[in-house]
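A.B. asks: My structure file model.csv, CSV, C-alpha atoms and all ligand atoms, is below:
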chain,number,residue,atom,x,y,z
A,1,MET,CA,58.3,-73.6,12.7
A,2,ASN,CA,60.3,-76.5,14.1
A,3,ASN,CA,59.0,-80.1,14.4
A,4,GLN,CA,58.1,-79.7,18.1
A,5,GLU,CA,55.5,-77.2,17.1
A,6,LEU,CA,53.7,-79.7,14.8
A,7,SER,CA,50.8,-81.8,15.9
A,8,PRO,CA,51.7,-85.6,15.9
A,9,ALA,CA,49.5,-86.1,12.8
A,10,VAL,CA,51.1,-83.4,10.8
A,11,GLY,CA,54.5,-84.5,12.0
A,12,ALA,CA,53.8,-88.0,10.7
A,13,LEU,CA,52.5,-86.5,7.5
A,14,LEU,CA,55.9,-84.8,6.9
A,15,VAL,CA,57.8,-87.9,7.8
A,16,GLY,CA,55.7,-89.8,5.2
A,17,GLU,CA,56.3,-87.1,2.6
A,18,GLY,CA,60.1,-87.5,3.1
A,19,GLN,CA,60.0,-91.2,2.4
A,20,GLY,CA,58.7,-90.9,-1.1
A,21,GLU,CA,55.8,-93.4,-0.9
A,22,PRO,CA,52.5,-91.7,-0.6
A,23,PRO,CA,50.2,-92.6,2.2
A,24,ARG,CA,47.4,-95.0,1.5
A,25,LEU,CA,44.9,-92.4,2.8
A,26,GLU,CA,45.7,-88.8,3.5
A,27,LEU,CA,43.4,-86.1,5.0
A,28,ARG,CA,44.1,-82.4,5.2
A,29,GLU,CA,41.6,-80.1,6.8
A,30,LEU,CA,38.7,-82.4,6.1
A,31,ARG,CA,35.5,-80.8,7.3
A,32,CYS,CA,31.9,-82.1,7.3
A,33,ALA,CA,28.7,-80.6,8.7
A,34,VAL,CA,29.4,-81.6,12.3
A,35,ALA,CA,33.2,-82.2,12.7
A,36,ALA,CA,36.7,-81.8,11.3
A,37,TRP,CA,39.8,-83.9,10.8
A,38,PRO,CA,42.8,-81.6,10.3
A,39,ALA,CA,45.4,-84.2,9.3
A,40,LEU,CA,45.6,-88.0,8.9
A,41,PHE,CA,48.5,-90.0,7.4
A,42,LEU,CA,47.5,-93.7,7.1
A,43,PRO,CA,50.1,-96.0,5.5
A,44,PRO,CA,49.2,-99.1,3.5
A,45,GLY,CA,48.2,-101.8,6.0
A,46,GLY,CA,47.8,-99.2,8.8
A,47,CYS,CA,45.0,-99.0,11.2
A,48,THR,CA,43.8,-95.8,12.9
A,49,ALA,CA,41.3,-96.0,15.7
A,50,VAL,CA,38.7,-93.3,16.3
A,51,ALA,CA,36.8,-92.7,19.5
A,52,GLY,CA,34.7,-89.9,20.9
A,53,PRO,CA,31.4,-89.4,22.7
A,54,SER,CA,28.1,-90.4,21.1
A,55,GLY,CA,27.1,-87.8,18.6
A,56,SER,CA,30.5,-86.3,18.3
A,57,GLY,CA,30.6,-86.9,14.6
A,58,LYS,CA,32.6,-90.2,14.1
A,59,SER,CA,30.1,-91.7,11.6
A,60,ARG,CA,29.7,-88.4,9.8
A,61,LEU,CA,33.5,-88.1,9.3
A,62,LEU,CA,33.7,-91.6,8.0
A,63,ARG,CA,30.9,-90.9,5.6
A,64,ALA,CA,32.6,-87.7,4.5
A,65,ILE,CA,35.9,-89.7,3.8
A,66,ALA,CA,33.8,-92.2,1.7
A,67,ASP,CA,32.2,-89.2,-0.2
A,68,LEU,CA,28.8,-90.3,1.0
A,69,ASP,CA,28.2,-86.9,2.6
A,70,PRO,CA,29.4,-83.5,1.4
A,71,SER,CA,32.7,-82.3,2.8
A,72,GLU,CA,35.5,-79.8,2.3
A,73,GLY,CA,39.2,-80.3,2.4
A,74,GLU,CA,41.7,-82.6,0.8
A,75,VAL,CA,41.4,-86.4,0.7
A,76,ARG,CA,43.9,-88.5,-1.2
A,77,LEU,CA,44.3,-92.2,-1.9
A,78,ASP,CA,47.8,-93.4,-2.7
A,79,GLY,CA,48.7,-89.8,-3.6
A,80,ALA,CA,45.7,-89.3,-6.0
A,81,SER,CA,43.2,-86.6,-5.1
A,82,ARG,CA,39.6,-87.7,-4.6
A,83,GLU,CA,38.6,-85.3,-7.3
A,84,ALA,CA,40.4,-87.5,-9.8
A,85,PHE,CA,37.9,-90.4,-9.2
A,86,THR,CA,34.2,-90.7,-10.0
A,87,GLY,CA,32.1,-91.0,-6.9
A,88,HIS,CA,31.4,-94.7,-7.7
A,89,ALA,CA,35.1,-95.5,-8.3
A,90,TRP,CA,36.1,-93.7,-5.1
A,91,ARG,CA,33.5,-95.6,-3.0
A,92,ALA,CA,34.6,-98.9,-4.5
A,93,ARG,CA,38.2,-98.2,-3.2
A,94,VAL,CA,37.3,-96.5,0.1
A,95,ILE,CA,34.4,-98.4,1.6
A,96,TYR,CA,32.3,-97.3,4.5
A,97,LEU,CA,31.0,-100.2,6.6
A,98,ALA,CA,28.0,-98.9,8.6
A,99,ALA,CA,27.2,-100.2,12.0
A,100,ASP,CA,23.7,-101.2,10.7
A,101,SER,CA,24.3,-102.6,7.2
A,102,ALA,CA,21.7,-102.2,4.4
A,103,TRP,CA,20.7,-105.2,2.2
A,104,TRP,CA,18.9,-104.7,-1.1
A,105,SER,CA,18.1,-108.3,-2.1
A,106,ASP,CA,16.9,-111.2,0.0
A,107,ARG,CA,19.6,-113.6,-1.2
A,108,VAL,CA,23.0,-113.2,0.6
A,109,GLY,CA,24.9,-114.2,-2.5
A,110,ASP,CA,23.4,-111.4,-4.5
A,111,HIS,CA,25.5,-109.0,-2.3
A,112,LEU,CA,28.8,-110.8,-2.6
A,113,ALA,CA,31.0,-109.8,-5.6
A,114,VAL,CA,32.8,-113.1,-5.0
A,115,VAL,CA,32.2,-116.0,-2.6
A,116,GLU,CA,35.6,-116.2,-1.0
A,117,PRO,CA,36.0,-119.1,1.4
A,118,SER,CA,39.2,-117.7,2.8
A,119,VAL,CA,37.2,-114.7,4.1
A,120,LEU,CA,34.0,-116.5,4.8
A,121,ALA,CA,35.4,-119.5,6.8
A,122,PRO,CA,37.2,-117.4,9.5
A,123,LEU,CA,34.0,-115.4,9.9
A,124,GLY,CA,32.1,-118.7,10.6
A,125,PHE,CA,30.4,-119.3,7.2
A,126,GLU,CA,30.6,-121.9,4.5
A,127,ALA,CA,30.1,-121.2,0.8
A,128,ASP,CA,26.4,-122.2,1.0
A,129,VAL,CA,25.8,-118.9,3.0
A,130,ALA,CA,25.4,-117.4,-0.5
A,131,ASP,CA,22.0,-119.1,-0.7
A,132,TRP,CA,20.8,-118.0,2.7
A,133,SER,CA,17.9,-115.5,3.0
A,134,VAL,CA,18.9,-112.1,4.5
A,135,ARG,CA,15.8,-112.3,6.6
A,136,ARG,CA,17.1,-115.2,8.6
A,137,LEU,CA,20.3,-113.5,9.6
A,138,SER,CA,21.0,-112.7,13.2
A,139,THR,CA,22.4,-109.2,14.0
A,140,GLY,CA,25.9,-110.7,14.4
A,141,GLU,CA,25.6,-112.7,11.2
A,142,ARG,CA,24.6,-109.5,9.4
A,143,SER,CA,27.6,-107.7,10.8
A,144,ARG,CA,30.0,-110.4,9.7
A,145,LEU,CA,28.5,-110.8,6.3
A,146,ALA,CA,28.6,-107.0,5.7
A,147,LEU,CA,32.3,-107.2,6.4
A,148,ALA,CA,32.7,-110.1,3.9
A,149,ARG,CA,30.6,-108.2,1.4
A,150,ALA,CA,32.9,-105.2,1.7
A,151,LEU,CA,36.1,-107.3,1.5
A,152,ALA,CA,34.8,-109.0,-1.6
A,153,LEU,CA,35.2,-105.7,-3.4
A,154,GLN,CA,38.9,-105.6,-2.5
A,155,PRO,CA,38.9,-102.0,-1.2
A,156,ARG,CA,42.1,-100.1,-0.5
A,157,VAL,CA,40.7,-98.5,2.6
A,158,LEU,CA,37.9,-99.8,4.9
A,159,LEU,CA,36.1,-97.4,7.2
A,160,LEU,CA,34.7,-99.5,10.0
A,161,ASP,CA,31.9,-98.0,12.1
A,162,GLU,CA,31.8,-100.1,15.3
A,163,PRO,CA,32.1,-103.4,13.4
A,164,THR,CA,32.1,-105.6,16.5
A,165,ALA,CA,29.6,-103.7,18.7
A,166,ASN,CA,27.1,-106.5,18.5
A,167,LEU,CA,29.4,-109.5,18.6
A,168,ASP,CA,30.6,-111.8,21.3
A,169,ALA,CA,34.2,-112.3,22.2
A,170,ALA,CA,34.8,-115.2,19.8
A,171,THR,CA,33.2,-113.5,16.9
A,172,THR,CA,35.0,-110.3,17.6
A,173,GLU,CA,38.3,-112.2,17.5
A,174,ALA,CA,37.3,-113.7,14.1
A,175,VAL,CA,36.6,-110.2,12.7
A,176,GLU,CA,39.9,-108.9,14.0
A,177,THR,CA,41.7,-112.0,12.5
A,178,VAL,CA,40.2,-111.5,9.1
A,179,THR,CA,41.0,-107.8,9.1
A,180,GLU,CA,44.6,-108.5,10.2
A,181,GLN,CA,44.9,-110.9,7.3
A,182,GLN,CA,43.7,-108.2,4.9
A,183,ARG,CA,46.0,-105.6,6.4
A,184,ARG,CA,49.0,-107.9,5.7
A,185,GLN,CA,47.9,-107.6,2.0
A,186,GLY,CA,47.9,-103.8,2.3
A,187,LEU,CA,44.3,-103.0,3.3
A,188,SER,CA,44.2,-99.8,5.5
A,189,LEU,CA,41.6,-99.4,8.2
A,190,VAL,CA,39.9,-96.5,10.0
A,191,TRP,CA,38.2,-98.2,12.9
A,192,VAL,CA,35.6,-96.5,15.1
A,193,THR,CA,35.4,-98.3,18.5
A,194,HIS,CA,34.8,-97.5,22.1
A,195,ASP,CA,36.7,-100.7,23.2
A,196,GLN,CA,40.1,-99.6,24.5
A,197,GLU,CA,41.4,-103.1,24.5
A,198,GLN,CA,40.5,-103.5,20.9
A,199,VAL,CA,42.3,-100.2,20.1
A,200,ARG,CA,45.4,-101.5,21.8
A,201,ARG,CA,45.2,-104.8,19.8
A,202,MET,CA,44.5,-103.2,16.4
A,203,ALA,CA,45.6,-99.7,16.0
A,204,ALA,CA,49.0,-97.9,16.0
A,205,GLN,CA,47.4,-94.5,15.7
A,206,ARG,CA,44.5,-93.2,17.8
A,207,PHE,CA,42.3,-90.2,17.3
A,208,VAL,CA,39.6,-88.8,19.7
A,209,ILE,CA,37.0,-86.3,18.6
A,210,ARG,CA,37.0,-83.4,21.0
A,211,ASP,CA,34.8,-80.4,20.4
A,212,GLY,CA,34.2,-81.5,16.9
A,213,VAL,CA,37.8,-81.9,16.0
A,214,ALA,CA,39.7,-85.2,15.5
A,215,GLU,CA,42.9,-85.0,17.6
A,216,GLU,CA,45.7,-87.6,17.6
A,217,ILE,CA,46.5,-88.9,21.0
A,218,ASP,CA,49.7,-90.7,22.2
A,219,SER,CA,49.6,-94.3,21.2
B,1,LIG,N1,21.8,-86.6,8.1
B,1,LIG,C1,22.0,-85.8,9.2
B,1,LIG,N2,21.6,-84.5,9.2
B,1,LIG,C2,21.8,-83.7,10.3
B,1,LIG,N3,22.4,-84.1,11.4
B,1,LIG,C3,22.9,-85.3,11.4
B,1,LIG,C4,22.7,-86.3,10.3
B,1,LIG,N4,23.3,-87.4,10.7
B,1,LIG,C5,23.8,-87.3,11.9
B,1,LIG,N5,23.5,-86.0,12.4
B,1,LIG,C6,24.0,-85.5,13.6
B,1,LIG,O1,25.4,-85.3,13.6
B,1,LIG,C7,25.9,-85.6,14.9
B,1,LIG,C8,27.0,-86.6,14.8
B,1,LIG,O2,26.4,-87.8,14.4
B,1,LIG,P1,27.3,-89.2,14.2
B,1,LIG,O3,26.3,-90.2,13.8
B,1,LIG,O4,28.5,-88.9,13.4
B,1,LIG,O5,27.8,-89.4,15.7
B,1,LIG,P2,28.7,-90.6,16.3
B,1,LIG,O6,29.9,-89.9,16.9
B,1,LIG,O7,28.9,-91.6,15.2
B,1,LIG,O8,27.8,-91.1,17.4
B,1,LIG,P3,27.5,-92.6,18.0
B,1,LIG,O9,28.7,-93.0,18.8
B,1,LIG,O10,26.3,-92.5,18.9
B,1,LIG,O11,27.2,-93.5,16.8
B,1,LIG,C9,24.7,-86.0,15.8
B,1,LIG,O12,24.3,-84.9,16.6
B,1,LIG,C10,23.7,-86.4,14.8
B,1,LIG,O13,22.4,-86.2,15.3
Can you dump the structure from the file as structure tokens?
Ligand SMILES: Nc1ncnc2c1ncn2[C@@H]1O[C@H](COP(=O)(O)OP(=O)(O)OP(=O)(O)O)[C@@H](O)[C@H]1O
C.D. replies:
Amino acid sequence: MNNQELSPAVGALLVGEGQGEPPRLELRELRCAVAAWPALFLPPGGCTAVAGPSGSGKSRLLRAIADLDPSEGEVRLDGASREAFTGHAWRARVIYLAADSAWWSDRVGDHLAVVEPSVLAPLGFEADVADWSVRRLSTGERSRLALARALALQPRVLLLDEPTANLDAATTEAVETVTEQQRRQGLSLVWVTHDQEQVRRMAAQRFVIRDGVAEEIDS
């Protein structure tokens, strides 16, 4: 088989293999109950966008990568197989950020591993947000604080499920700025969005789920 016969994703995978450094996140033949992702090569600091019709399996695939749902296939982090991690250790490094975040205590600060002003301030919060009640949060505040909560755990990969769907333009920009900052420090992102302008701004790689299969499309 020559390189022209390879899908773009598999081609990138082979290029990455040749460079010696393992990808931050690598998928081979990942399959969950409703969809499959044949190949993904995501470098440190990289961002892959995922689109597809409602119900096509975007959330389920992200949950499968995070090991929140059962799946088959190979998932690697910095070259290490997911099987080498406990579920808890994997999910601390590969965090799934749901579109509708769950909160288990009424005090915001109880959810933050650290109160990090350099993350909270660009998202529009001061450190006293730790004392806020979760019940008072608007939808957009919940989304932004869920992002801050995830970043406080210093993940290696963040799986973002429509993180700006409920946000206005200014707040969307704040989320993109914070995630860009984190990418410069090596955080890798898989970003589900229907916003094509956002895809152009954020992602070098793009996948679309067609007939239950994530296919790479030209960037
Ligand atoms: N726990 C579950 N058990 C069985 N089927 C499920 C479960 N969760 C989701 N599904 C189904 O799997 C399919 C894919 O759902 P998923 O939430 O991944 O879609 P999506 O592409 O993220 O859609 P949207 O853009 O509307 O959020 C849907 O048909 C959904 O009804």
A.B. asks: Any residue with an atom at most 12 Å from ligand LIG 1 (chain B) counts, using only C-alpha atoms and all ligand atoms. Which are they? Put them as a ChimeraX atom specification.
C.D. replies: /A:32-36,50-64,68-70,98-100,160-163,165,191-195,208-214
A.B. asks: Tell me, in Å to one decimal, how far CA of Val75 in chain A is from CA of Val119 in chain A.
C.D. replies: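 Pair CA of Val75 in chain A / CA of Val119 in chain A returns 28.8 Å.
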A.B. asks: Out of A:Glu29, A:Glu141, A:Asp106, A:Glu197, which residue has the shortest atom-to-atom distance to Leu120 in chain A when counting all atoms listed in the file?
C.D. replies: A:Glu141
A.B. asks: Considering only C-alpha atoms, state which residue in the set A:Val94, A:Gly79, A:Gln182, A:Ile65 is at the smallest distance from Gly20 in chain A.
C.D. replies: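 Of A:Val94, A:Gly79, A:Gln182, A:Ile65, the one nearest Gly20 in chain A is A:Gly79, counting only C-alpha atoms.
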A.B. asks: Enter the distance from CA of Val115 in chain A to CA of Ala127 in chain A, in Å, rounded to one decimal.
C.D. replies: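 Going from CA of Val115 in chain A over to CA of Ala127 in chain A, I get 6.6 Å.
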A.B. asks: Between CA of Ala102 in chain A and CA of Leu40 in chain A, what is the spacing in Å?
C.D. replies: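 Atom-to-atom, CA of Leu40 in chain A and CA of Ala102 in chain A are spaced 28.2 Å apart.
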A.B. asks: Padding 5 Å on each side, edges along x, y and z: where is the centre of the box around the listed atoms of range 113-132 of chain A, and how long are its edges in Å to one decimal? Output it as JSON.
C.D. replies:
{"center_x": 30.0, "center_y": -116.0, "center_z": 2.5, "size_x": 28.4, "size_y": 22.4, "size_z": 26.2}
A.B. asks: Smallest atom-to-atom distance to Leu189 in chain A: which of A:Ala84, A:Leu158, A:Met202, A:Val129, using only C-alpha atoms?
C.D. replies: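 Of the candidates, the smallest distance to Leu189 in chain A is held by A:Leu158.
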A.B. asks: Ranking A:Asp110, A:Glu72, A:Leu77, A:Leu145 by minimum distance to Phe41 in chain A and counting only C-alpha atoms, which one comes first?
C.D. replies: A:Leu77
